[in-house]
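What follows is the content of upload27.cif (mmCIF, C-alpha atoms).
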data_model
#
loop_
_atom_site.label_atom_id
_atom_site.label_comp_id
_atom_site.auth_asym_id
_atom_site.auth_seq_id
_atom_site.Cartn_x
_atom_site.Cartn_y
_atom_site.Cartn_z
CA MET B 1331 0.00 0.00 0.00
CA ASN B 1332 1.30 3.45 -0.89
CA THR B 1333 1.80 5.98 1.87
CA PRO B 1334 -0.58 8.88 1.30
CA THR B 1335 1.14 12.22 0.92
CA VAL B 1336 0.58 14.54 3.86
CA THR B 1337 3.03 17.31 3.10
CA PRO B 1338 2.80 19.87 0.30
CA SER B 1339 4.77 18.88 -2.77
CA GLY B 1340 4.21 21.81 -5.10
CA PRO B 1341 1.10 23.26 -6.70
CA GLN B 1342 -0.07 19.85 -7.90
CA GLY B 1343 0.13 18.27 -4.45
CA PRO B 1344 -2.20 18.48 -1.48
CA GLU B 1345 -2.49 22.23 -1.90
CA ALA B 1346 -4.28 21.65 -5.18
CA THR B 1347 -6.50 19.08 -3.50
CA PHE B 1348 -7.33 21.62 -0.80
CA GLU B 1349 -8.15 24.38 -3.31
CA ASP B 1350 -10.26 21.92 -5.27
CA THR B 1351 -12.17 20.87 -2.13
CA ILE B 1352 -12.98 24.53 -1.40
CA ALA B 1353 -13.89 25.27 -5.02
CA ARG B 1354 -16.32 22.35 -5.16
CA ASP B 1355 -17.98 23.46 -1.89
CA GLN B 1356 -16.86 20.25 -0.20
CA ARG B 1357 -15.84 20.26 3.46
CA VAL B 1358 -12.29 20.18 4.75
CA GLU B 1359 -11.88 17.54 7.46
CA PRO B 1360 -9.40 17.43 10.37
CA ARG B 1361 -6.63 15.28 8.92
CA ASP B 1362 -6.69 16.85 5.44
CA TRP B 1363 -3.75 18.98 4.45
CA MET B 1364 -4.58 22.68 4.83
CA PRO B 1365 -2.57 25.92 4.51
CA ASP B 1366 -1.14 27.20 7.79
CA GLY B 1367 -3.10 30.43 7.38
CA TYR B 1368 -6.38 28.52 7.04
CA ARG B 1369 -5.62 26.57 10.21
CA THR B 1370 -4.57 29.58 12.30
CA THR B 1371 -7.49 31.70 11.05
CA LEU B 1372 -9.92 28.95 12.02
CA ILE B 1373 -8.33 28.37 15.41
CA ARG B 1374 -8.49 32.08 16.16
CA GLN B 1375 -12.11 32.37 15.03
CA ILE B 1376 -13.35 29.18 16.71
CA ALA B 1377 -11.51 29.91 19.97
CA GLN B 1378 -12.91 33.43 20.02
CA HIS B 1379 -16.37 32.03 19.34
CA ALA B 1380 -15.99 29.43 22.12
CA HIS B 1381 -14.75 32.06 24.57
CA SER B 1382 -17.76 34.25 23.70
CA GLU B 1383 -20.13 31.44 24.63
CA ILE B 1384 -18.34 30.86 27.92
CA ILE B 1385 -18.04 34.54 28.89
CA GLY B 1386 -21.60 35.00 27.60
CA MET B 1387 -22.83 32.92 30.53
CA GLN B 1388 -21.97 35.75 32.92
CA PRO B 1389 -24.20 38.74 32.03
CA GLU B 1390 -27.36 36.63 32.18
CA GLY B 1391 -26.11 34.23 34.82
CA GLU B 1392 -26.11 37.14 37.25
CA TRP B 1393 -29.90 37.20 37.03
CA ILE B 1394 -30.57 33.52 37.76
CA THR B 1395 -30.90 34.04 41.51
CA ARG B 1396 -32.99 37.18 40.96
CA ALA B 1397 -35.37 35.89 38.27
CA PRO B 1398 -38.93 37.05 39.07
CA SER B 1399 -40.54 33.59 38.88
CA LEU B 1400 -39.64 29.93 38.99
CA ARG B 1401 -40.57 29.68 35.29
CA ARG B 1402 -38.16 32.46 34.33
CA LYS B 1403 -35.48 31.00 36.57
CA ALA B 1404 -35.76 27.52 35.00
CA ILE B 1405 -35.63 29.06 31.49
CA LEU B 1406 -32.58 31.15 32.35
CA PHE B 1407 -30.82 28.15 33.87
CA ALA B 1408 -31.43 26.13 30.70
CA LYS B 1409 -30.22 28.97 28.49
CA VAL B 1410 -27.02 29.56 30.43
CA GLN B 1411 -26.37 25.80 30.44
CA ASP B 1412 -26.78 25.82 26.66
CA GLU B 1413 -24.14 28.56 26.37
CA ALA B 1414 -21.73 26.33 28.28
CA GLY B 1415 -22.58 23.50 25.89
CA HIS B 1416 -21.98 25.72 22.87
CA GLY B 1417 -18.59 26.67 24.24
CA LEU B 1418 -17.70 23.00 24.66
CA TYR B 1419 -18.81 22.03 21.11
CA LEU B 1420 -16.57 24.82 19.83
CA TYR B 1421 -13.54 23.95 21.97
CA SER B 1422 -13.86 20.39 20.59
CA ALA B 1423 -13.90 21.76 17.05
CA ALA B 1424 -10.79 23.86 17.74
CA GLU B 1425 -9.05 20.80 19.16
CA THR B 1426 -9.48 18.99 15.84
CA LEU B 1427 -7.15 21.64 14.38
CA GLY B 1428 -4.47 20.88 16.95
CA ALA B 1429 -5.37 23.62 19.45
CA ASP B 1430 -5.00 22.67 23.10
CA ARG B 1431 -8.04 23.17 25.31
CA THR B 1432 -6.12 24.06 28.46
CA ASP B 1433 -4.03 26.46 26.46
CA MET B 1434 -7.12 28.18 25.02
CA THR B 1435 -8.50 28.75 28.51
CA ALA B 1436 -5.14 30.12 29.60
CA ARG B 1437 -5.08 32.49 26.63
CA LEU B 1438 -8.58 33.74 27.43
CA ILE B 1439 -7.69 34.40 31.05
CA ASP B 1440 -4.41 36.10 30.10
CA GLY B 1441 -6.20 38.29 27.57
CA ARG B 1442 -4.25 36.83 24.64
CA GLN B 1443 -7.44 35.63 22.92
CA LYS B 1444 -10.59 37.70 22.61
CA TYR B 1445 -14.33 37.17 22.92
CA SER B 1446 -17.30 39.09 21.58
CA SER B 1447 -17.34 42.75 22.67
CA ILE B 1448 -21.05 42.53 23.50
CA PHE B 1449 -20.45 40.66 26.77
CA ASN B 1450 -18.51 43.58 28.21
CA TYR B 1451 -21.71 45.53 28.81
CA PRO B 1452 -23.58 45.27 32.13
CA THR B 1453 -27.04 43.76 32.64
CA GLU B 1454 -28.71 46.44 34.72
CA THR B 1455 -32.29 45.18 34.92
CA PHE B 1456 -34.21 41.99 34.22
CA ALA B 1457 -35.37 43.53 30.93
CA ASP B 1458 -31.74 43.17 29.81
CA VAL B 1459 -32.17 39.40 29.95
CA GLY B 1460 -35.01 39.70 27.45
CA VAL B 1461 -33.17 42.14 25.19
CA ILE B 1462 -30.06 39.95 25.17
CA GLY B 1463 -32.17 37.01 24.00
CA TRP B 1464 -33.86 39.13 21.35
CA PHE B 1465 -30.90 41.22 20.05
CA VAL B 1466 -27.75 39.36 21.00
CA ASP B 1467 -29.01 35.87 20.26
CA GLY B 1468 -30.81 37.23 17.20
CA ALA B 1469 -27.54 38.71 15.94
CA ALA B 1470 -25.77 35.46 16.79
CA ILE B 1471 -28.31 33.56 14.68
CA CYS B 1472 -27.64 35.89 11.71
CA ASN B 1473 -23.94 35.17 12.10
CA GLN B 1474 -24.19 31.47 12.78
CA VAL B 1475 -26.77 30.19 10.31
CA PRO B 1476 -24.43 30.82 7.35
CA LEU B 1477 -21.56 29.29 9.37
CA CYS B 1478 -23.38 25.94 9.25
CA ARG B 1479 -22.03 25.84 5.66
CA THR B 1480 -18.52 26.95 6.56
CA SER B 1481 -15.78 25.04 4.74
CA TYR B 1482 -14.33 23.36 7.83
CA GLY B 1483 -16.45 20.29 8.67
CA PRO B 1484 -16.22 20.15 12.49
CA TYR B 1485 -16.96 23.89 12.80
CA GLY B 1486 -20.00 23.63 10.55
CA ARG B 1487 -21.35 20.63 12.45
CA ALA B 1488 -20.92 22.44 15.78
CA MET B 1489 -22.82 25.39 14.30
CA VAL B 1490 -25.71 23.15 13.27
CA ARG B 1491 -26.13 22.04 16.87
CA VAL B 1492 -25.75 25.60 18.18
CA CYS B 1493 -28.30 27.04 15.75
CA LYS B 1494 -30.92 24.46 16.68
CA GLU B 1495 -30.65 25.59 20.29
CA GLU B 1496 -30.26 29.32 19.65
CA SER B 1497 -33.82 29.66 18.39
CA PHE B 1498 -35.14 28.92 21.88
CA HIS B 1499 -32.84 31.61 23.25
CA GLN B 1500 -34.19 34.29 20.97
CA ARG B 1501 -37.82 33.32 21.47
CA GLN B 1502 -37.63 33.21 25.26
CA GLY B 1503 -36.15 36.72 25.21
CA TYR B 1504 -38.84 38.13 22.98
CA GLU B 1505 -41.59 36.46 25.00
CA LEU B 1506 -40.12 37.88 28.21
CA LEU B 1507 -40.26 41.37 26.67
CA LEU B 1508 -43.82 40.87 25.39
CA THR B 1509 -44.80 39.97 28.94
CA MET B 1510 -43.15 43.07 30.37
CA MET B 1511 -44.73 45.30 27.70
CA GLY B 1512 -48.10 44.00 28.85
CA GLY B 1513 -47.29 45.09 32.42
CA THR B 1514 -46.95 48.49 34.11
CA ASP B 1515 -45.60 51.74 32.67
CA GLU B 1516 -42.49 51.22 34.75
CA GLN B 1517 -41.93 47.79 33.17
CA ARG B 1518 -42.42 49.22 29.68
CA GLU B 1519 -39.85 51.91 30.48
CA MET B 1520 -37.42 49.22 31.62
CA VAL B 1521 -37.78 47.46 28.28
CA GLN B 1522 -37.28 50.67 26.28
CA ASP B 1523 -34.26 51.56 28.41
CA ALA B 1524 -32.70 48.14 27.81
CA VAL B 1525 -33.39 48.44 24.07
CA ASN B 1526 -31.69 51.85 24.04
CA ARG B 1527 -28.59 50.50 25.76
CA TRP B 1528 -28.21 47.26 23.76
CA TRP B 1529 -29.10 48.34 20.22
CA TRP B 1530 -25.79 49.88 19.16
CA PRO B 1531 -23.54 47.32 20.87
CA SER B 1532 -25.62 44.60 19.14
CA LEU B 1533 -24.93 46.17 15.73
CA MET B 1534 -21.23 46.18 16.62
CA MET B 1535 -21.35 42.40 17.11
CA PHE B 1536 -20.99 41.96 13.35
CA GLY B 1537 -17.56 43.54 13.48
CA PRO B 1538 -16.13 46.64 11.78
CA PRO B 1539 -17.42 47.83 8.39
CA ASP B 1540 -16.21 45.74 5.45
CA ALA B 1541 -13.78 48.46 4.39
CA ASP B 1542 -12.00 48.17 7.76
CA SER B 1543 -12.04 44.39 8.04
CA PRO B 1544 -8.78 43.34 6.41
CA ASN B 1545 -9.02 39.61 7.10
CA SER B 1546 -12.56 39.23 5.79
CA ALA B 1547 -11.68 38.81 2.12
CA ARG B 1548 -9.34 35.91 2.78
CA SER B 1549 -11.84 34.22 5.09
CA MET B 1550 -14.49 34.57 2.40
CA ALA B 1551 -12.16 33.17 -0.27
CA TRP B 1552 -11.60 30.14 1.95
CA LYS B 1553 -15.37 29.98 2.56
CA ILE B 1554 -14.82 30.12 6.30
CA LYS B 1555 -17.06 33.20 6.25
CA ARG B 1556 -20.01 33.19 3.87
CA HIS B 1557 -21.22 36.80 4.14
CA SER B 1558 -19.54 40.10 4.89
CA ASN B 1559 -19.98 41.97 8.19
CA ASP B 1560 -22.10 44.66 6.55
CA GLU B 1561 -24.38 42.15 4.80
CA LEU B 1562 -25.08 40.37 8.07
CA ARG B 1563 -25.63 43.65 9.92
CA GLN B 1564 -28.19 44.70 7.28
CA ARG B 1565 -29.93 41.36 7.59
CA PHE B 1566 -30.17 41.78 11.37
CA VAL B 1567 -31.64 45.29 11.09
CA ASP B 1568 -34.21 44.21 8.50
CA MET B 1569 -35.21 41.27 10.66
CA THR B 1570 -35.46 43.27 13.89
CA VAL B 1571 -37.40 46.38 12.80
CA PRO B 1572 -40.79 44.66 12.38
CA GLN B 1573 -40.22 42.76 15.64
CA ALA B 1574 -39.67 46.09 17.43
CA GLN B 1575 -42.88 47.50 15.95
CA LYS B 1576 -44.83 44.47 17.12
CA LEU B 1577 -43.33 44.80 20.58
CA GLY B 1578 -44.07 48.51 20.75
CA VAL B 1579 -40.56 49.81 21.38
CA THR B 1580 -38.53 52.39 19.48
CA LEU B 1581 -35.08 51.52 18.16
CA PRO B 1582 -32.77 54.41 19.17
CA ASP B 1583 -31.69 55.47 15.69
CA PRO B 1584 -33.22 58.63 14.20
CA GLY B 1585 -31.77 57.64 10.82
CA LEU B 1586 -33.58 54.30 10.70
CA ARG B 1587 -36.06 54.14 7.83
CA TRP B 1588 -37.21 51.84 5.04
CA ASN B 1589 -35.49 52.45 1.72
CA GLU B 1590 -37.87 51.40 -1.02
CA GLU B 1591 -35.18 51.57 -3.69
CA ARG B 1592 -32.75 49.26 -1.92
CA GLY B 1593 -35.43 47.05 -0.43
CA HIS B 1594 -33.65 47.39 2.92
CA HIS B 1595 -33.66 49.67 5.92
CA ASP B 1596 -31.20 52.54 6.06
CA PHE B 1597 -29.63 52.96 9.47
CA GLY B 1598 -26.97 54.99 11.25
CA ALA B 1599 -23.37 53.97 11.89
CA PRO B 1600 -22.46 52.63 15.33
CA ASP B 1601 -19.70 54.41 17.24
CA TRP B 1602 -16.76 52.46 15.86
CA ASP B 1603 -14.35 54.11 18.31
CA GLU B 1604 -16.40 52.60 21.11
CA LEU B 1605 -16.04 49.16 19.52
CA LYS B 1606 -12.28 49.63 19.30
CA ARG B 1607 -12.12 50.66 22.95
CA VAL B 1608 -14.22 47.71 24.14
CA VAL B 1609 -12.32 45.19 22.01
CA SER B 1610 -8.99 46.50 23.27
CA GLY B 1611 -10.06 45.93 26.88
CA ASP B 1612 -11.57 49.24 27.89
CA GLY B 1613 -15.28 48.36 28.04
CA PRO B 1614 -17.52 48.71 31.08
CA CYS B 1615 -17.06 45.08 32.26
CA ASN B 1616 -13.93 43.65 30.58
CA ALA B 1617 -11.91 43.33 33.79
CA GLU B 1618 -14.86 41.94 35.74
CA ARG B 1619 -15.64 39.25 33.12
CA ILE B 1620 -12.05 38.00 32.95
CA ALA B 1621 -11.64 38.09 36.74
CA ARG B 1622 -14.80 36.00 37.11
CA ARG B 1623 -13.61 33.47 34.53
CA ARG B 1624 -10.22 33.24 36.20
CA ALA B 1625 -11.81 32.71 39.62
CA ALA B 1626 -14.11 29.98 38.28
CA HIS B 1627 -11.12 28.22 36.73
CA GLU B 1628 -8.97 28.46 39.85
CA GLU B 1629 -11.76 27.58 42.25
CA GLY B 1630 -12.60 24.54 40.12
CA ALA B 1631 -9.05 23.19 40.18
CA TRP B 1632 -9.70 20.85 43.12
CA VAL B 1633 -12.68 19.31 41.30
CA ARG B 1634 -10.57 18.56 38.22
CA GLU B 1635 -7.78 17.14 40.38
CA ALA B 1636 -10.18 15.02 42.43
CA ALA B 1637 -11.78 13.58 39.29
CA SER B 1638 -8.36 12.74 37.86
CA ALA B 1639 -7.20 11.17 41.15
CA HIS B 1640 -10.38 9.09 41.34
CA ALA B 1641 -10.01 7.88 37.76
CA SER B 1642 -6.37 7.06 38.36
CA LYS B 1643 -7.12 5.10 41.54
CA ARG B 1644 -9.86 3.11 39.84
CA ALA B 1645 -7.61 2.31 36.87
CA THR B 1646 -4.91 1.07 39.26
CA ARG B 1647 -7.41 -1.16 41.09
CA VAL B 1648 -8.60 -2.66 37.83
CA ARG B 1649 -5.00 -3.44 36.80
CA GLU B 1650 -4.13 -4.96 40.19
CA GLY B 1651 -7.34 -7.01 40.13
CA ALA B 1652 -6.45 -8.33 36.69
CA ALA B 1653 -2.92 -9.18 37.83
CA ALA B 1654 -4.04 -11.02 40.99
CA MET Z 656 -12.53 12.19 15.33
CA SER Z 657 -9.89 14.70 16.01
CA GLY Z 658 -6.60 13.05 15.19
CA THR Z 659 -4.92 15.11 17.88
CA ASP Z 660 -4.83 12.53 20.63
CA ARG Z 661 -2.13 13.17 23.13
CA THR Z 662 -2.85 10.46 25.69
CA SER Z 663 -1.34 7.02 25.79
CA ALA Z 664 -3.85 4.24 25.37
CA GLY Z 665 -4.97 2.52 28.55
CA GLY Z 666 -2.48 4.27 30.82
CA PRO Z 667 -3.55 5.78 34.12
CA VAL Z 668 -4.67 9.38 33.92
CA ARG Z 669 -2.09 11.62 35.51
CA ILE Z 670 -3.23 14.62 37.47
CA ARG Z 671 -2.76 17.92 35.61
CA ASP Z 672 -2.68 16.14 32.28
CA GLU Z 673 -5.43 17.00 29.86
CA TRP Z 674 -8.19 14.44 30.30
CA PRO Z 675 -8.43 11.91 27.49
CA LEU Z 676 -10.56 12.67 24.47
CA TYR Z 677 -13.76 10.69 23.92
CA GLU Z 678 -15.91 10.45 20.81
CA VAL Z 679 -19.65 10.42 21.48
CA PHE Z 680 -22.25 8.45 19.52
CA VAL Z 681 -26.00 8.84 20.04
CA ARG Z 682 -28.85 6.57 18.95
CA GLY Z 683 -31.66 9.01 18.13
CA LYS Z 684 -34.42 6.47 18.53
CA ARG Z 685 -34.96 2.74 18.45
CA GLY Z 686 -34.25 1.27 15.01
CA LEU Z 687 -31.52 3.79 14.11
CA ASN Z 688 -27.74 3.42 14.25
CA HIS Z 689 -25.67 5.28 16.78
CA VAL Z 690 -24.32 8.37 15.02
CA HIS Z 691 -21.20 10.33 15.87
CA VAL Z 692 -22.22 13.69 17.38
CA GLY Z 693 -18.94 15.13 18.68
CA SER Z 694 -16.28 14.75 21.28
CA LEU Z 695 -15.49 15.71 24.85
CA ARG Z 696 -12.84 15.26 27.50
CA ALA Z 697 -13.38 13.27 30.69
CA PRO Z 698 -11.17 11.61 33.32
CA ASP Z 699 -12.74 8.16 32.86
CA ASP Z 700 -15.47 6.22 31.06
CA ALA Z 701 -18.15 6.79 33.71
CA MET Z 702 -17.65 10.56 33.70
CA ALA Z 703 -17.49 10.56 29.90
CA LEU Z 704 -20.99 9.07 29.77
CA VAL Z 705 -22.38 11.62 32.22
CA HIS Z 706 -20.77 14.50 30.32
CA ALA Z 707 -22.02 13.06 27.02
CA ARG Z 708 -25.56 13.04 28.37
CA ASP Z 709 -25.30 16.64 29.60
CA LEU Z 710 -23.57 17.92 26.49
CA TYR Z 711 -25.25 16.08 23.64
CA THR Z 712 -28.72 15.06 24.84
CA ARG Z 713 -30.21 18.07 26.62
CA ARG Z 714 -33.33 17.88 24.43
CA ASN Z 715 -34.23 14.21 24.14
CA GLU Z 716 -31.83 13.72 21.25
CA GLY Z 717 -31.19 10.11 22.12
CA VAL Z 718 -32.22 6.85 23.72
CA SER Z 719 -28.68 5.47 23.98
CA VAL Z 720 -25.19 6.97 24.17
CA TRP Z 721 -21.75 5.50 23.52
CA ALA Z 722 -18.58 7.23 24.66
CA VAL Z 723 -15.39 5.77 23.18
CA ARG Z 724 -11.79 6.77 23.88
CA SER Z 725 -10.61 8.45 20.67
CA ASP Z 726 -7.32 6.59 20.82
CA SER Z 727 -9.22 3.28 20.76
CA ILE Z 728 -10.67 3.95 17.32
CA ALA Z 729 -8.92 2.38 14.37
CA ALA Z 730 -9.35 4.72 11.41
CA SER Z 731 -8.47 4.74 7.74
CA THR Z 732 -6.61 7.77 6.48
CA LEU Z 733 -8.80 10.53 5.18
CA ALA Z 734 -7.20 11.20 1.81
CA GLU Z 735 -9.99 10.61 -0.66
CA LYS Z 736 -7.80 8.93 -3.24
CA ASP Z 737 -6.41 6.60 -0.62
CA PRO Z 738 -5.64 3.25 -2.26
CA PHE Z 739 -7.26 1.72 0.81
CA PHE Z 740 -10.61 2.18 -0.94
CA ALA Z 741 -9.35 1.18 -4.37
CA PRO Z 742 -10.71 -2.39 -4.24
CA SER Z 743 -14.29 -1.07 -4.32
CA GLY Z 744 -13.64 1.37 -7.15
CA ASP Z 745 -13.70 -1.04 -10.09
CA LYS Z 746 -16.50 -3.40 -9.12
CA VAL Z 747 -19.46 -1.83 -10.84
CA TYR Z 748 -21.18 -5.24 -10.89
CA ARG Z 749 -21.83 -4.78 -7.14
CA HIS Z 750 -24.46 -2.18 -8.00
CA PRO Z 751 -27.99 -3.06 -9.18
CA THR Z 752 -27.77 -0.51 -12.01
CA PHE Z 753 -25.01 -2.61 -13.65
CA TYR Z 754 -27.62 -5.07 -14.96
CA ASP Z 755 -29.74 -4.50 -18.07
CA ILE Z 756 -33.28 -5.69 -17.53
CA PRO Z 757 -36.04 -5.01 -20.09
CA ASP Z 758 -38.46 -2.29 -18.95
CA ASP Z 759 -41.47 -4.60 -19.15
CA VAL Z 760 -40.22 -7.06 -16.54
CA PRO Z 761 -42.25 -6.25 -13.40
CA HIS Z 762 -41.12 -6.03 -9.77
CA ILE Z 763 -37.36 -6.05 -10.35
#

Represent the structure of the file as structure tokens.
Amino acid sequence: MNTPTVTPSGPQGPEATFEDTIARDQRVEPRDWMPDGYRTTLIRQIAQHAHSEIIGMQPEGEWITRAPSLRRKAILFAKVQDEAGHGLYLYSAAETLGADRTDMTARLIDGRQKYSSIFNYPTETFADVGVIGWFVDGAAICNQVPLCRTSYGPYGRAMVRVCKEESFHQRQGYELLLTMMGGTDEQREMVQDAVNRWWWPSLMMFGPPDADSPNSARSMAWKIKRHSNDELRQRFVDMTVPQAQKLGVTLPDPGLRWNEERGHHDFGAPDWDELKRVVSGDGPCNAERIARRRAAHEEGAWVREAASAHASKRATRVREGAAA
Amino acid sequence: MSGTDRTSAGGPVRIRDEWPLYEVFVRGKRGLNHVHVGSLRAPDDAMALVHARDLYTRRNEGVSVWAVRSDSIAASTLAEKDPFFAPSGDKVYRHPTFYDIPDDVPHI
């Protein structure tokens, strides 16, 4: 049997096979040859995505003990547990590229790898829980549905699982807000206030404008990304406007209006300097989020060690039993 | 499967080492095969099963779960033109469409 070639041997070698796989819209799988840039881009994107899910547990998790009813508490528990699950699917996908899970956690805690800027904003009232489900999970769905067809197989499969679950997240948020809008004036004001605070940061979730997103073109050529930042942002706005009307809230953008000619809504530009500040570590909650993640990791060390010690002891007993 | 296994097969798990990688297979309902759904890390088989339940079946996705140490799986190489699969490439007579049957012969 011939040994299959695993190293590049010129343009006709595995590089050509890789390009052909991408061109034919086939999926790249873990042990295929791939360019170093493809691998590192994917690891960076998947790790950042995984970290976002894990850090994303915090803003809403803070409200679990203060949820106004058992029903809301159970829902919030389930949602936050899902976010943990999404993080784990994604860490698994990154591992198939040779990334090390412990190392990724270390990089998150040291600030060497990033997570979505949106989770650096505080959740001031319970209405924020609803608006996060509606806006943040809605934006995540816009981003993630096309990623189900991303060129790297394990990432796409993780996204399929995530998307199935994300729909519950968005709907529970919207339903929560509908309930509050049917309540007192004070509750309606809470919802409007949360909408005002989360709208612009949610638009920033799609990343900088295409003109300022230097890596986008390469990611699109490799079919890691399927749509540009601006396309996805437009899709989110178009999707959200009628939902806001139905809910009875005003989106805080005086420039927001339907453009008959384009068949889309026109809308204002987010404060891109704010995005830069938050991404570079200077958002309202950056330090708090990382400190919490670090504490959880350190305080959980004894659990991981105990589980390893228990497994080791049992394995030793099995071996001694077999030898006796 | 990941192909990035770093644990030695069957050896005791050392503290501070990364836990071994497991591949998880779920039977969606009776009558279906177990299907690979993803992977996870766990210190031993028992914990792998519990984690697999929590991670991959939060919404009634399965009636049965397998968790298998990744380094216990024997796998062919992934290159599509691998000669490993060559023996099946030239045996068209294994497919029903190889045989010419007149259109008016019923039930065949």

With all atoms listed in the file as the basis for distance, which of B:Glu1561, B:Glu1496, B:Asp1362, B:Glu1629 is at the shortest distance from chain Z?
B:Asp1362

On this structure, which residues satisfy the PyMOL selection byres ((chain B and resi 1386-1402) around 7), written as a PyMOL selection string?
chain B and resi 1382-1385+1403-1407+1410+1413+1449+1452-1453+1459

Now that the selection is made, can you save its residues with C-alpha atoms as a PDB file, in the coordinates of the input?
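The file below, out06.pdb, is the result:
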ATOM      1  CA  SER B1382     -17.760  34.250  23.700  1.00  0.00           C
ATOM      2  CA  GLU B1383     -20.130  31.440  24.630  1.00  0.00           C
ATOM      3  CA  ILE B1384     -18.340  30.860  27.920  1.00  0.00           C
ATOM      4  CA  ILE B1385     -18.040  34.540  28.890  1.00  0.00           C
ATOM      5  CA  LYS B1403     -35.480  31.000  36.570  1.00  0.00           C
ATOM      6  CA  ALA B1404     -35.760  27.520  35.000  1.00  0.00           C
ATOM      7  CA  ILE B1405     -35.630  29.060  31.490  1.00  0.00           C
ATOM      8  CA  LEU B1406     -32.580  31.150  32.350  1.00  0.00           C
ATOM      9  CA  PHE B1407     -30.820  28.150  33.870  1.00  0.00           C
ATOM     10  CA  VAL B1410     -27.020  29.560  30.430  1.00  0.00           C
ATOM     11  CA  GLU B1413     -24.140  28.560  26.370  1.00  0.00           C
ATOM     12  CA  PHE B1449     -20.450  40.660  26.770  1.00  0.00           C
ATOM     13  CA  PRO B1452     -23.580  45.270  32.130  1.00  0.00           C
ATOM     14  CA  THR B1453     -27.040  43.760  32.640  1.00  0.00           C
ATOM     15  CA  VAL B1459     -32.170  39.400  29.950  1.00  0.00           C
TER      16      VAL B1459
END

Which polymer residues, whether protein, DNA or RNA, lie within 10 Å of the coordinate (-24.5, -0.4, 18.7) when you count all atoms listed in the file? List them as a tab-separated table (two decimals) with C-alpha atoms, keeping the file's coordinate frame, using the chain letters and numbers from the file.
chain	number	residue	atom	x	y	z
Z	680	PHE	CA	-22.25	8.45	19.52
Z	681	VAL	CA	-26.00	8.84	20.04
Z	682	ARG	CA	-28.85	6.57	18.95
Z	687	LEU	CA	-31.52	3.79	14.11
Z	688	ASN	CA	-27.74	3.42	14.25
Z	689	HIS	CA	-25.67	5.28	16.78
Z	690	VAL	CA	-24.32	8.37	15.02
Z	719	SER	CA	-28.68	5.47	23.98
Z	720	VAL	CA	-25.19	6.97	24.17
Z	721	TRP	CA	-21.75	5.50	23.52

May I ask you to extract the residues of chain B within 9 Å of chain Z, using only C-alpha atoms, and to give them as a VMD selection string?
chain B and resid 1331 to 1336 1359 to 1363 1412 1414 to 1416 1418 to 1419 1421 to 1423 1425 to 1432 1484 1487 to 1488 1634 to 1646

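For the choices Z:Ser725, Z:Thr752, Z:Val679, Z:Ser743, the atom-to-atom distance to Ala707 (chain Z) is smallest for Z:Val679 when using only C-alpha atoms.
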
Between CA of Ala1621 (chain B) and CA of Gln1375 (chain B), what is the distance, to one decimal in Å?
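We find that CA of Ala1621 (chain B) and CA of Gln1375 (chain B) lie 22.5 Å from each other.
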
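Closest to Asp1467 (chain B) among B:Cys1615, B:Met1511, B:Met1535, B:Ala1377 is B:Met1535, based on only C-alpha atoms.
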
Using the file's own x, y and z axes, what box holds all listed atoms of region 684-699 of chain Z with 6 Å on each side, keeping edges along x, y and z, and what are its centre and edge lengths in Å to one decimal, as AutoDock Vina command-line options?
--center_x -23.1 --center_y 8.5 --center_z 23.7 --size_x 35.8 --size_y 26.4 --size_z 31.2

Need the shell around Asn1559 (chain B): protein/DNA/RNA residues with any atom at most 7 Å away, counting all atoms listed in the file. Skip same-chain ones fewer than 4 positions apart. Format as a list in words?
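Contacts, in chain order: Phe1536, Gly1537, Pro1539, Asp1540 and Arg1563 of chain B.
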
Judged by all atoms listed in the file, the minimum distance to Pro1476 (chain B) among B:Asn1526, B:Ser1546, B:Ser1558, B:Ser1447 is found for B:Ser1558

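Comparing B:Asn1589, B:Gln1522, B:Asn1450, B:Thr1435 by their smallest distance to Val1608 (chain B), the closest is B:Asn1450 (using only C-alpha atoms).
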
Working from the structure I just supplied, which lacks atoms in region 1506-1512 of chain B, can you model N, CA and C atoms there and output them as a tab-separated table (two decimals), keeping the file's coordinate frame?
chain	number	residue	atom	x	y	z
B	1506	LEU	N	-40.32	37.17	26.94
B	1506	LEU	CA	-40.12	37.88	28.21
B	1506	LEU	C	-40.48	39.36	28.04
B	1507	LEU	N	-40.01	39.95	26.91
B	1507	LEU	CA	-40.26	41.37	26.67
B	1507	LEU	C	-41.74	41.63	26.39
B	1508	LEU	N	-42.37	40.74	25.64
B	1508	LEU	CA	-43.82	40.87	25.39
B	1508	LEU	C	-44.57	40.91	26.72
B	1509	THR	N	-44.16	40.02	27.63
B	1509	THR	CA	-44.80	39.97	28.94
B	1509	THR	C	-44.63	41.29	29.69
B	1510	MET	N	-43.39	41.80	29.67
B	1510	MET	CA	-43.15	43.07	30.37
B	1510	MET	C	-43.90	44.22	29.71
B	1511	MET	N	-44.01	44.22	28.40
B	1511	MET	CA	-44.73	45.30	27.70
B	1511	MET	C	-46.22	45.27	28.03
B	1512	GLY	N	-46.70	44.12	28.44
B	1512	GLY	CA	-48.10	44.00	28.85
B	1512	GLY	C	-48.29	44.35	30.33
